[in-house]
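S.K.: Quick one: the structure is below, and I'll ask about it shortly.
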Amino acid sequence: MNNEEITRRDFLTLAWSAAGALALSEGVFVGLRFLTPRSVEGEFGGEFNLGPADQYPSGTVTPVEAGRFYLVRLQDGGFMAIYRRCTHLGCAVPFDQASGQFVCPCHGSVFTMDGEVLNPPAPRPLDLFALHINENGEIIVDTASPIEREHTDPAQVVYLG
Amino acid sequence: MADLPQKDLPPVTERLRRSVVRTPLPPKDDRGRMKLVMDSLVLHLHPAKVSRPALKLTYTFGLGGLLILLFLVLVSTGILLLFAYTPSPDAAYQSMIALQTQVDFGNLIRNLHHWSGNLMVIVAVLHLLRVFYTSGFTTPREFNWVMGVGLLLLVVGANFTGYLLPWDQLAYWAITVGTSLLEYVPLVGDTLTRMLLGGPEVGAATLTNFYALHIAIIPLTISALVSFHIWRVRKDKITIPRQLDRPPDTSKVTTIPHLVSIELVYALVWLVLLVGWSSFVNAPLEEAANPAHSPNPAKAAWYFMGLQELLMHFHPLFGAIIIPALGLAGLLSLPYLSQDMESVGVWFRSRRGRWMAGASFALGVVATFAWVLADEYWLDWPGWLPFLPSYLSNGWIPFALLLLVLMGYYELVKSLGSSDCEARQALFTFLLAAFLTLTFVGIFLRGEGMALILPWR
Ligand code: HEM
Ligand code: FES
């Protein structure tokens with residue numbers, strides 16, 4: 001800019017516009033914060049203690065109703081906590097004992113025991129919850145946020161000891 | 001005090017009437033009527049005179065007016081329902097049962113609200129089609145078309161948020177499936193869905209959010225937009241209907257009584273139809289919502305079945321996001337493309353336009369059916385191209401083919417001698433037929449596991 005003078009009027013217009021923009025952004029910020037999901041109280045969303053790991057035989061799938069996930073113990077003894085929600089459009093996926101697969105009733109997606117997609121339309125494997133085994137040998141699952149994955153990977157499986 | 005002309009006061013009934021309407025009873029001549037009308041409420045909404053040919057029912061079919069009537073019915077029945085409904089997962093379903101079994105006329109009011117809401121989606125689409133096929137979106141009405149598209153989305157939004165409120169199996173899973181579509185939006189999808197649901201799944205917070213949207217935010221926005229929309233119709237005037245090869249009839253008649261009496265009769269007839277239908281046909285209510293058990297198949301609300309069917313054939317990025325977004329962008333930009341003002345007010349623009357539109361519709365239906373069948377039994381992009389990620393094999397590749405077909409069709413129609421506007425109309429009609437066919441297939445021909453079925457089997 002040259003040394004053009006800023007008149008009193010220009011200055012006030014600018015100052016008031018800035019104040020208006022500030023007020024608006026404050027309003028938007030407060031509104032958005034107000035609307036962000038409150039963390040879900042109670043069972044789902046918290047931690048689950050599923051007791052001693054050795055009570056779950058290899059090759060079994062145990063539904064944990066309150067946590068909306070399945071505790072899966074693979075043939076090789078590894079553990080996974082698989083979220084019940086279908087990665088296609090969100091239906092609750094039941095485990096089919098007879099075939100040893102997860103079969104979604106809504107649009108026919110089929111998943112293996114460790115969540116890999118066998119049959120679309122599901123675009124990616126079933127989501128996981130963080131799982132660890134504490135010093136007492138008990139299984140702890142944290143349902144705070146589902147973990148999305150593009151592929152199954154041995155690193156996602158948790159082993160005893 | 002004493003000299004006030006007490007004896008001149010009219011009778012009390014007349015004083016009462018005048019305190020409300022300010023003006024004397026209407027004179028019998030047109031001029032007097034015009035003058036009177038200038039400051040009455042009706043004339044605040046309508047111009048003093050309207051085009052005579054536009055009054056014919058076969059031009060507008062009264063669809064815009066019907067939308068206003070339906071909105072009024074929805075507001076009044078909705079207010080009643082507020083007194084009988086509790087928006088919480090523990091109580092919502094119980095209040096629906098109580099509404100049906102204990103509240104006097106509870107069923108009637110619920111049915112009226114339900115059927116008017118669903119009818120409003122259909123009528124809004126028909127109104128859009130009427131405006132489209134008579135070129136009502138041309139200058140100076142471009143922005144009113146844009147507002148209309150906004151209104152259509154709001155009407156669908158109102159239906160969608162209302163769908164959850166009964167908290168039965170139908171509601172729970174239709175909303176689960178419907179909101180999951182949103183998750184496929186790149187980058188912001190997860191955040192948006194979480195904000196709308198108030199958490200990772202449909203739950204108590206979702207019901208609160210949807211309730212607020214359904215009873216306050218969306219209806220208020222619709223009222224504001226409809227006021228703007230109607231004000232523009234009043235200012236821009238309605239397009240003048242015209243027969244092929246004949247000059248437009250520019251004659252006018254006074255709004256009162258010519259237009260107003262038609263409106264009142266039309267509204268009364270529709271009210272009778274609505275109340276009659278709602279007295280005999282109950283709105284559906286299934287078992288209480290059970291988040292652990294999805295029904296088979298799980299379908300979205302009927303007006304989203306076209307989208308859900310599209311999703312059966314395309315990677316979600318295309319089926320749920322790119323194709324619908326392009327469709328919406330097309331609708332919004334339509335009035336800003338080149339225009340042929342000569343054919344405004346002529347149904348389908350010309351004789352050629354008429355049969356092109358008819359042929360495009362038939363072709364759209366046949367082609368879509370053929371494609372759905374081919375995709376079900378033969379096409380298998382991911383299987384043929386296993387080395388490609390599915391957003392390419394099941395997304396870009398079929399999408400590019402679709403675009404080629406549409407461009408080819410447009411050029412074909414033009415090479416048959418159509419103007420730009422007629423060719424665009426043919427393309428629109430083709431896509432409309434495709435969308436309607438997909439919706440039909442989704443609603444009626446999809447059974448367990450979303451396999452194709454014959455509905456009468
Ligand atoms: C709540 C929904 C709506 C209401 C209450 C409404 C109301 C009206 C009314 C009363 C008219 C006067 C003519 C007639 O009755 O046909 C009108 C005209 C018009 N509407 Fe709508 N409408 C709605 C939705 C839409 C939609 C979905 C579109 C299209 C995207 C649209 C675009 C237009 C246009 C461009 C006109 C002027 C047409 C002409 O002059 O020929 N409106 N609307
Ligand atoms: S929601 Fe599971 S297949 Fe569609």
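Simple scheme: letters A, B, ... for chains in structure tokens order, numbers from 1 for residues in each chain, numbers from 1 for ligands in the order shown.
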Please, which residues of chain A lie no more than 10 Å from chain B when the count uses only C-alpha atoms, and can they be set out as number ranges by chain?

M.R.: A: 32, 35-40, 44-45, 65-66, 68, 84-94, 103-109, 120-123, 144-146

S.K.: Using only N, CA and C atoms, please write the residues we just selected to a file, as a CSV table (one decimal), in the first residue's frame.

M.R.:
```csv
chain,number,residue,atom,x,y,z
A,32,LEU,N,-20.4,-25.5,17.6
A,32,LEU,CA,-19.9,-26.8,17.2
A,32,LEU,C,-19.5,-27.6,18.5
A,35,LEU,N,-22.3,-29.1,20.1
A,35,LEU,CA,-22.9,-30.2,19.4
A,35,LEU,C,-22.0,-31.4,19.3
A,36,THR,N,-20.8,-31.4,19.7
A,36,THR,CA,-19.9,-32.6,19.6
A,36,THR,C,-20.5,-33.6,20.6
A,37,PRO,N,-20.4,-34.9,20.1
A,37,PRO,CA,-21.1,-36.0,20.9
A,37,PRO,C,-20.5,-36.0,22.3
A,38,ARG,N,-21.4,-36.1,23.3
A,38,ARG,CA,-21.0,-36.3,24.6
A,38,ARG,C,-20.5,-37.7,24.7
A,39,SER,N,-19.4,-38.0,25.5
A,39,SER,CA,-18.9,-39.3,25.6
A,39,SER,C,-19.9,-40.2,26.2
A,40,VAL,N,-20.1,-41.4,25.6
A,40,VAL,CA,-21.2,-42.2,26.0
A,40,VAL,C,-21.0,-42.8,27.4
A,44,PHE,N,-21.3,-49.5,27.1
A,44,PHE,CA,-20.6,-49.4,25.8
A,44,PHE,C,-19.8,-48.1,25.7
A,45,GLY,N,-18.6,-48.2,25.3
A,45,GLY,CA,-17.7,-47.0,25.3
A,45,GLY,C,-16.7,-47.0,26.4
A,65,GLU,N,-22.5,-59.0,24.8
A,65,GLU,CA,-23.6,-58.2,24.4
A,65,GLU,C,-23.5,-56.7,24.8
A,66,ALA,N,-23.1,-56.5,26.0
A,66,ALA,CA,-23.1,-55.1,26.5
A,66,ALA,C,-22.0,-54.3,25.8
A,68,ARG,N,-21.1,-54.8,22.7
A,68,ARG,CA,-21.4,-54.9,21.2
A,68,ARG,C,-20.2,-55.4,20.4
A,84,ARG,N,-19.2,-55.5,16.5
A,84,ARG,CA,-20.3,-56.2,15.8
A,84,ARG,C,-20.9,-55.5,14.6
A,85,ARG,N,-20.5,-54.2,14.4
A,85,ARG,CA,-21.1,-53.4,13.4
A,85,ARG,C,-20.5,-53.7,12.0
A,86,CYS,N,-21.4,-54.0,11.1
A,86,CYS,CA,-20.9,-54.3,9.7
A,86,CYS,C,-20.3,-53.1,9.1
A,87,THR,N,-19.2,-53.3,8.4
A,87,THR,CA,-18.5,-52.2,7.8
A,87,THR,C,-19.1,-51.7,6.5
A,88,HIS,N,-20.2,-52.4,6.1
A,88,HIS,CA,-20.9,-52.0,4.9
A,88,HIS,C,-21.8,-50.9,5.3
A,89,LEU,N,-23.0,-51.2,5.9
A,89,LEU,CA,-23.9,-50.1,6.3
A,89,LEU,C,-24.4,-50.2,7.7
A,90,GLY,N,-23.6,-50.8,8.6
A,90,GLY,CA,-23.8,-50.7,10.0
A,90,GLY,C,-24.7,-51.7,10.7
A,91,CYS,N,-25.2,-52.8,10.0
A,91,CYS,CA,-26.0,-53.7,10.6
A,91,CYS,C,-25.2,-54.5,11.7
A,92,ALA,N,-26.0,-55.1,12.6
A,92,ALA,CA,-25.4,-56.0,13.7
A,92,ALA,C,-25.1,-57.4,13.0
A,93,VAL,N,-23.8,-57.8,13.0
A,93,VAL,CA,-23.5,-59.0,12.3
A,93,VAL,C,-23.4,-60.2,13.3
A,94,PRO,N,-24.3,-61.2,13.1
A,94,PRO,CA,-24.2,-62.3,14.0
A,94,PRO,C,-23.1,-63.3,13.5
A,103,VAL,N,-21.9,-63.6,9.2
A,103,VAL,CA,-22.7,-63.4,8.0
A,103,VAL,C,-23.7,-62.3,8.3
A,104,CYS,N,-23.6,-61.2,7.5
A,104,CYS,CA,-24.4,-60.1,7.8
A,104,CYS,C,-25.8,-60.3,7.1
A,105,PRO,N,-26.9,-60.2,7.9
A,105,PRO,CA,-28.2,-60.4,7.4
A,105,PRO,C,-28.7,-59.4,6.4
A,106,CYS,N,-28.1,-58.2,6.4
A,106,CYS,CA,-28.7,-57.1,5.7
A,106,CYS,C,-28.4,-57.2,4.2
A,107,HIS,N,-27.1,-57.3,3.8
A,107,HIS,CA,-26.9,-57.3,2.3
A,107,HIS,C,-25.9,-58.4,2.0
A,108,GLY,N,-25.8,-59.4,2.9
A,108,GLY,CA,-25.1,-60.6,2.5
A,108,GLY,C,-23.6,-60.5,2.6
A,109,SER,N,-23.0,-59.6,3.3
A,109,SER,CA,-21.5,-59.6,3.5
A,109,SER,C,-21.1,-60.8,4.4
A,120,PRO,N,-18.2,-59.4,-0.6
A,120,PRO,CA,-18.7,-58.0,-0.5
A,120,PRO,C,-20.2,-58.0,-0.3
A,121,PRO,N,-20.9,-56.9,-0.1
A,121,PRO,CA,-20.4,-55.5,-0.4
A,121,PRO,C,-19.5,-54.9,0.7
A,122,ALA,N,-19.3,-55.5,1.8
A,122,ALA,CA,-18.5,-54.8,2.8
A,122,ALA,C,-17.1,-54.4,2.2
A,123,PRO,N,-16.7,-53.2,2.4
A,123,PRO,CA,-15.4,-52.7,1.7
A,123,PRO,C,-14.2,-53.0,2.5
A,144,ALA,N,-13.7,-47.6,23.6
A,144,ALA,CA,-13.8,-46.2,23.4
A,144,ALA,C,-14.0,-45.9,21.9
A,145,SER,N,-13.1,-46.4,21.1
A,145,SER,CA,-13.2,-46.1,19.7
A,145,SER,C,-12.8,-47.3,18.8
A,146,PRO,N,-13.6,-47.7,17.9
A,146,PRO,CA,-13.3,-48.8,17.0
A,146,PRO,C,-12.1,-48.5,16.1
```

S.K.: Compile a residue-level contact table for chain B against ligand 1 at a cut-off of 6 Å, reporting for every qualifying residue the shortest atom pair and its distance in Å to one decimal, with only C-alpha atoms and all ligand atoms counted, rows ordered by chain and ascending number, as a tab-separated table.

M.R.:
```
residue	atom	partner	partner_atom_place_in_ligand_line	distance
B:Thr60	CA	ligand 1	16 (O)	4.4
B:Gly62	CA	ligand 1	15 (O)	4.7
B:Leu63	CA	ligand 1	15 (O)	4.9
B:Gly64	CA	ligand 1	15 (O)	3.4
B:Gly65	CA	ligand 1	10 (C)	4.4
B:Leu67	CA	ligand 1	5 (C)	4.5
B:Ile68	CA	ligand 1	5 (C)	4.4
B:Ala124	CA	ligand 1	27 (C)	4.9
B:Val125	CA	ligand 1	27 (C)	6.0
B:Leu128	CA	ligand 1	29 (C)	4.0
B:Val131	CA	ligand 1	38 (C)	5.3
B:Gly136	CA	ligand 1	41 (O)	3.9
B:Phe137	CA	ligand 1	35 (C)	4.4
B:Arg141	CA	ligand 1	35 (C)	5.6
B:Asn144	CA	ligand 1	35 (C)	4.9
B:Trp145	CA	ligand 1	35 (C)	3.9
B:Gly148	CA	ligand 1	28 (C)	3.3
B:Val149	CA	ligand 1	30 (C)	3.8
B:Leu151	CA	ligand 1	2 (C)	5.1
B:Leu152	CA	ligand 1	27 (C)	4.3
B:Val226	CA	ligand 1	5 (C)	5.6
B:Ile230	CA	ligand 1	9 (C)	5.9
B:Val233	CA	ligand 1	37 (C)	5.7
B:Ile238	CA	ligand 1	40 (O)	3.4
B:Thr239	CA	ligand 1	40 (O)	4.3
```

S.K.: Go ahead and save the residues from that selection, with N, CA, C and O atoms, as an mmCIF file, in the first residue's frame.

M.R.:
```cif
data_model
loop_
_atom_site.group_PDB
_atom_site.id
_atom_site.type_symbol
_atom_site.label_atom_id
_atom_site.label_comp_id
_atom_site.auth_asym_id
_atom_site.auth_seq_id
_atom_site.Cartn_x
_atom_site.Cartn_y
_atom_site.Cartn_z
ATOM 1 N N THR B 60 -50.314 -26.513 -13.876
ATOM 2 C CA THR B 60 -49.520 -26.718 -12.653
ATOM 3 C C THR B 60 -49.977 -27.955 -11.890
ATOM 4 O O THR B 60 -49.289 -28.424 -11.001
ATOM 5 N N GLY B 62 -51.760 -27.860 -9.670
ATOM 6 C CA GLY B 62 -51.885 -27.384 -8.292
ATOM 7 C C GLY B 62 -50.877 -28.002 -7.349
ATOM 8 O O GLY B 62 -51.110 -28.072 -6.139
ATOM 9 N N LEU B 63 -49.746 -28.461 -7.887
ATOM 10 C CA LEU B 63 -48.826 -29.229 -7.048
ATOM 11 C C LEU B 63 -48.144 -28.376 -5.982
ATOM 12 O O LEU B 63 -47.971 -28.816 -4.842
ATOM 13 N N GLY B 64 -47.763 -27.140 -6.351
ATOM 14 C CA GLY B 64 -47.147 -26.264 -5.355
ATOM 15 C C GLY B 64 -48.121 -25.964 -4.225
ATOM 16 O O GLY B 64 -47.766 -26.015 -3.043
ATOM 17 N N GLY B 65 -49.365 -25.674 -4.601
ATOM 18 C CA GLY B 65 -50.382 -25.409 -3.589
ATOM 19 C C GLY B 65 -50.616 -26.627 -2.707
ATOM 20 O O GLY B 65 -50.774 -26.511 -1.488
ATOM 21 N N LEU B 67 -48.465 -28.814 -1.942
ATOM 22 C CA LEU B 67 -47.339 -28.910 -1.002
ATOM 23 C C LEU B 67 -47.579 -28.027 0.219
ATOM 24 O O LEU B 67 -47.299 -28.414 1.350
ATOM 25 N N ILE B 68 -48.125 -26.830 -0.029
ATOM 26 C CA ILE B 68 -48.408 -25.944 1.102
ATOM 27 C C ILE B 68 -49.475 -26.573 1.997
ATOM 28 O O ILE B 68 -49.341 -26.605 3.226
ATOM 29 N N ALA B 124 -43.490 -33.256 -4.072
ATOM 30 C CA ALA B 124 -42.384 -32.321 -4.331
ATOM 31 C C ALA B 124 -41.646 -32.740 -5.600
ATOM 32 O O ALA B 124 -41.270 -31.896 -6.419
ATOM 33 N N VAL B 125 -41.459 -34.059 -5.791
ATOM 34 C CA VAL B 125 -40.794 -34.525 -7.006
ATOM 35 C C VAL B 125 -41.669 -34.239 -8.232
ATOM 36 O O VAL B 125 -41.176 -33.761 -9.262
ATOM 37 N N LEU B 128 -41.407 -30.673 -9.097
ATOM 38 C CA LEU B 128 -40.138 -30.439 -9.785
ATOM 39 C C LEU B 128 -40.252 -30.850 -11.253
ATOM 40 O O LEU B 128 -39.810 -30.129 -12.153
ATOM 41 N N VAL B 131 -42.347 -28.362 -13.252
ATOM 42 C CA VAL B 131 -41.580 -27.152 -13.547
ATOM 43 C C VAL B 131 -40.539 -27.453 -14.622
ATOM 44 O O VAL B 131 -40.347 -26.682 -15.559
ATOM 45 N N GLY B 136 -40.157 -24.047 -16.460
ATOM 46 C CA GLY B 136 -40.455 -23.011 -15.476
ATOM 47 C C GLY B 136 -39.219 -22.494 -14.763
ATOM 48 O O GLY B 136 -39.296 -21.566 -13.971
ATOM 49 N N PHE B 137 -38.046 -23.098 -15.061
ATOM 50 C CA PHE B 137 -36.827 -22.728 -14.341
ATOM 51 C C PHE B 137 -36.010 -21.679 -15.081
ATOM 52 O O PHE B 137 -34.931 -21.310 -14.667
ATOM 53 N N ARG B 141 -36.415 -17.056 -13.276
ATOM 54 C CA ARG B 141 -36.803 -17.928 -12.172
ATOM 55 C C ARG B 141 -35.706 -18.899 -11.762
ATOM 56 O O ARG B 141 -35.977 -19.859 -11.052
ATOM 57 N N ASN B 144 -35.313 -19.419 -8.055
ATOM 58 C CA ASN B 144 -36.448 -20.080 -7.422
ATOM 59 C C ASN B 144 -36.358 -21.593 -7.615
ATOM 60 O O ASN B 144 -36.794 -22.365 -6.761
ATOM 61 N N TRP B 145 -35.799 -22.012 -8.730
ATOM 62 C CA TRP B 145 -35.554 -23.445 -8.951
ATOM 63 C C TRP B 145 -34.539 -23.964 -7.931
ATOM 64 O O TRP B 145 -34.718 -25.011 -7.321
ATOM 65 N N GLY B 148 -36.083 -24.333 -4.790
ATOM 66 C CA GLY B 148 -36.944 -25.510 -4.840
ATOM 67 C C GLY B 148 -36.158 -26.784 -4.572
ATOM 68 O O GLY B 148 -36.613 -27.651 -3.821
ATOM 69 N N VAL B 149 -34.971 -26.890 -5.160
ATOM 70 C CA VAL B 149 -34.140 -28.070 -4.898
ATOM 71 C C VAL B 149 -33.815 -28.138 -3.406
ATOM 72 O O VAL B 149 -33.885 -29.202 -2.781
ATOM 73 N N LEU B 151 -35.649 -26.986 -1.017
ATOM 74 C CA LEU B 151 -36.870 -27.412 -0.329
ATOM 75 C C LEU B 151 -37.071 -28.916 -0.442
ATOM 76 O O LEU B 151 -37.470 -29.572 0.526
ATOM 77 N N LEU B 152 -36.778 -29.460 -1.632
ATOM 78 C CA LEU B 152 -36.921 -30.904 -1.816
ATOM 79 C C LEU B 152 -36.024 -31.659 -0.827
ATOM 80 O O LEU B 152 -36.460 -32.608 -0.163
ATOM 81 N N VAL B 226 -40.060 -21.524 2.089
ATOM 82 C CA VAL B 226 -41.310 -21.506 1.328
ATOM 83 C C VAL B 226 -41.803 -20.070 1.182
ATOM 84 O O VAL B 226 -42.251 -19.664 0.106
ATOM 85 N N ILE B 230 -42.471 -18.568 -2.474
ATOM 86 C CA ILE B 230 -43.774 -18.081 -2.923
ATOM 87 C C ILE B 230 -43.697 -16.594 -3.263
ATOM 88 O O ILE B 230 -44.347 -16.122 -4.194
ATOM 89 N N VAL B 233 -42.419 -16.453 -6.651
ATOM 90 C CA VAL B 233 -43.439 -16.817 -7.635
ATOM 91 C C VAL B 233 -44.368 -15.625 -7.869
ATOM 92 O O VAL B 233 -44.736 -15.290 -8.991
ATOM 93 N N ILE B 238 -46.108 -16.582 -12.685
ATOM 94 C CA ILE B 238 -45.972 -17.963 -13.120
ATOM 95 C C ILE B 238 -45.802 -17.966 -14.642
ATOM 96 O O ILE B 238 -46.272 -17.056 -15.324
ATOM 97 N N THR B 239 -45.089 -18.963 -15.173
ATOM 98 C CA THR B 239 -44.915 -19.012 -16.628
ATOM 99 C C THR B 239 -46.278 -19.193 -17.304
ATOM 100 O O THR B 239 -47.157 -19.846 -16.767
#
```

S.K.: I'd like the neighbourhood of B:Phe435 as a count of residues only, where a residue qualifies if any of its atoms comes within 10 Å (using only C-alpha atoms), though same-chain residues fewer than 3 positions away should be ignored.

M.R.: 16

S.K.: Choose the residue, out of A:Leu71, A:Ile6, A:Leu118, A:Leu12, that has the smallest atom-to-atom separation from ligand 2; count only C-alpha atoms and all ligand atoms.

M.R.: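 Closest candidate: A:Leu118.
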
S.K.: I need the residue nearest ligand 2 from this list: A:Val110, A:Asn136, A:Glu150, A:Asp54. Use only C-alpha atoms and all ligand atoms for the distance.

M.R.: A:Val110

S.K.: Would you list, as a count of residues only, the residues of stretch 202-429 of chain B that end up in alpha helix (DSSP H) under DSSP run on this structure's backbone?

M.R.: 132

S.K.: Among stretch 80-299 of chain B, which ones does DSSP assign to strand (DSSP E or B) (computed from the backbone)? Answer as a list in words.

M.R.: Asp168, Lys252, Val253, Thr254 and Ala288 of chain B

S.K.: I'd like the contact shell of B:Trp277 - 10 Å cut-off, only C-alpha atoms, skipping same-chain residues fewer than 3 positions apart - returned as JSON, numbers by chain.

M.R.: {"B": [108, 111, 112, 115, 271, 272, 273, 274, 280, 281, 282]}

S.K.: Figure out the distance between atom CA of A:Asp127 and atom CA of B:Asp375, please, to one decimal in Å.

M.R.: 28.4 Å

S.K.: As an exercise, work out the distance from atom CA of B:Arg130 to atom CA of B:His114 in Å and give it to one decimal place.

M.R.: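 Result for atom CA of B:Arg130 versus atom CA of B:His114: 24.5 Å, one decimal.
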